[in-house]
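Some notes on the structure that comes next.
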Amino acid sequence: MLLLYRNTYKTLDDLNQEEIRLGGLRVNPVTNISSTISYTSNLKIRKVKDKTETQISGLPQNAKITYVTWSPNEKKIAFTNTTATGVELWVVDVVSAVAKKLTDATLNANLGRPYSWMKDNETLLVKTISKNRPALIDNKKDLPKGPTVSIGDGSKSQNRTYADLLKNKMDETNFETLMSSEIYKINLSGKADFFKPIDMYAEESLSPDGNYLM
């Protein structure tokens, strides 16, 4: 069994993180992961027949762990760790209960789990931020072009089905910037091979035989 431990409350630092709301998503533009996600702080392994747990060694300090998955053969466990600058990919060897880091804090988790295990149990498909990603457009300091008018006459109005819809070209551009990724194949030694060019990849799914990727 894999046991995950979390803190009872979020820290003040977690609550003070930046947040952008676009297209119904809540993302941190600095770390590139959902601003509403809950983190795990520790991992332990236990055999069902044993009465004690084995502490996984080598975990990052002040770990903020999420997106924990087992490899297809269940000999490895992958997870992400969120730092002050971004999201890293880590892997645990189940037999030795040792964790090691595979990537720098370059993963793009704005649309959910940023990696997938391949069927060979040795490679992961990883969504990363482009090295040439443009800066986000910020118009908060622009002068208003007119007054903001609110009318409270009690008239009926429609409610939006989804929150924080894209309202203008700036929202569209920022959304595309935050959601765009490159895909790499990264093996358990950390070697990265380029796989797919930058685009907005939402979900990836491998066929049962591992020969096709949807």
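Simple scheme: letters A, B, ... for chains in structure tokens order, numbers from 1 for residues in each chain, numbers from 1 for ligands in the order shown.
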
Range 37-43 of chain A surroundings by only C-alpha atoms, 10 Å radius, close-in-sequence under 6 positions cut, as JSON, numbers by chain: {"A": [2, 3, 4, 5, 6, 7, 9, 10, 14, 26, 27, 53, 54, 55, 56, 57, 59, 60, 61, 62, 63, 64, 65, 66, 67, 68, 80, 81, 82, 92, 97, 99, 112]}

Show which residues sit within 9 Å of Thr177 in chain A, as a list in words. Count only C-alpha atoms, and ignore same-chain residues fewer than 2 positions away. Arg133, Pro134, Ala135, Leu136, Glu172, Thr173, Asn174, Phe175, Met179, Ser180, Ser181 and Met200 of chain A

Now that the selection is made, can you save its residues with N, CA, C and O atoms as a compact mmCIF listing (two decimals), in the first residue's frame?
# COMPACT_ATOMS: atom_id res chain seq x y z
N ARG A 133 8.20 30.61 -24.14
CA ARG A 133 6.84 31.03 -23.84
C ARG A 133 6.78 32.54 -23.60
O ARG A 133 7.56 33.06 -22.80
N PRO A 134 5.86 33.26 -24.24
CA PRO A 134 5.78 34.71 -24.05
C PRO A 134 5.23 35.05 -22.68
O PRO A 134 4.58 34.24 -22.01
N ALA A 135 5.48 36.28 -22.24
CA ALA A 135 4.95 36.75 -20.96
C ALA A 135 3.45 36.99 -21.09
O ALA A 135 2.92 37.26 -22.19
N LEU A 136 2.76 36.88 -19.96
CA LEU A 136 1.32 37.13 -19.95
C LEU A 136 1.05 38.62 -20.13
O LEU A 136 1.82 39.47 -19.69
N GLU A 172 -8.00 35.46 -24.35
CA GLU A 172 -7.70 34.36 -25.27
C GLU A 172 -6.19 34.12 -25.36
O GLU A 172 -5.72 32.98 -25.31
N THR A 173 -5.44 35.21 -25.49
CA THR A 173 -3.99 35.09 -25.61
C THR A 173 -3.36 34.52 -24.35
O THR A 173 -2.50 33.63 -24.41
N ASN A 174 -3.79 35.01 -23.19
CA ASN A 174 -3.25 34.52 -21.92
C ASN A 174 -3.62 33.05 -21.69
O ASN A 174 -2.82 32.27 -21.18
N PHE A 175 -4.85 32.69 -22.05
CA PHE A 175 -5.28 31.29 -21.90
C PHE A 175 -4.41 30.37 -22.75
O PHE A 175 -3.92 29.34 -22.28
N MET A 179 -1.87 27.40 -21.31
CA MET A 179 -2.23 26.00 -21.58
C MET A 179 -1.30 25.32 -22.58
O MET A 179 -1.36 24.11 -22.75
N SER A 180 -0.46 26.06 -23.26
CA SER A 180 0.39 25.46 -24.29
C SER A 180 1.59 24.75 -23.68
O SER A 180 2.20 25.24 -22.73
N SER A 181 1.91 23.60 -24.24
CA SER A 181 3.02 22.78 -23.73
C SER A 181 3.75 22.11 -24.89
O SER A 181 3.22 21.96 -25.99
N MET A 200 -1.83 23.12 -27.43
CA MET A 200 -2.65 23.00 -26.23
C MET A 200 -3.13 21.56 -26.09
O MET A 200 -4.17 21.17 -26.63

Given only C-alpha atoms as the counted atoms, nearest of A:Ile45, A:Ala84, A:Val95, A:Ile198 to Lys131 in chain A: A:Ile198

Mind dumping a table of every range 20-132 of chain A residue within 6 Å of range 160-170 of chain A, with the nearest atom pair and its distance in Å to one decimal, using only C-alpha atoms, sorted by chain and rising number, as a Markdown table?
| residue | atom | partner | partner_atom | distance |
| --- | --- | --- | --- | --- |
| A:Leu22 | CA | A:Asp164 | CA | 5.5 |
| A:Gly23 | CA | A:Leu165 | CA | 4.6 |
| A:Gly24 | CA | A:Ala163 | CA | 5.1 |

Need the shell around range 73-76 of chain A: protein/DNA/RNA residues with any atom at most 12 Å away, counting only C-alpha atoms. Skip same-chain ones fewer than 6 positions apart. Format as a PyMOL selection string? chain A and resi 1-2+45+90-100+117-124+188

Using the chain letters and numbers from this document, which residues of range 85-213 of chain A does DSSP assign to helix (DSSP H, G or I), as an MDAnalysis selection string? chainID A and resid 169:179

What does the file look like for those residues with C-alpha atoms, as a compact mmCIF listing (two decimals), in the first residue's frame?
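Result went into again06.txt, see below:
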# COMPACT_ATOMS: atom_id res chain seq x y z
CA LYS A 169 -8.58 38.94 -27.06
CA MET A 170 -6.27 39.42 -24.06
CA ASP A 171 -8.01 36.56 -22.19
CA GLU A 172 -7.70 34.36 -25.27
CA THR A 173 -3.99 35.09 -25.61
CA ASN A 174 -3.25 34.52 -21.92
CA PHE A 175 -5.28 31.29 -21.90
CA GLU A 176 -3.35 29.94 -24.89
CA THR A 177 -0.05 30.96 -23.28
CA LEU A 178 -0.84 29.19 -20.00
CA MET A 179 -2.23 26.00 -21.58

Work out how far CA of Ala78 in chain A is from CA of Met214 in chain A, in Å to one decimal.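 Distance between the two atoms: 21.0 Å.
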
Please identify all polymer residues within 12 Å of Leu107 in chain A, counting only C-alpha atoms, omitting same-chain residues fewer than 5 positions from it, and present them as a ChimeraX atom specification. /A:30-33,79-83,85-90,102,112-115,125-131,178-184,186

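Of note, CA of Asp193 in chain A and CA of Ser207 in chain A are spaced 20.6 Å apart.
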
Have a look at CA of Thr36 in chain A and CA of Gln17 in chain A and let me know their distance in Å, one decimal.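 Atom-to-atom, CA of Thr36 in chain A and CA of Gln17 in chain A are spaced 10.2 Å apart.
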
When you count only C-alpha atoms, which of these residues is closest to Ser205 in chain A: A:Pro29, A:Ile137, A:Leu15, A:Ser116? A:Ser116
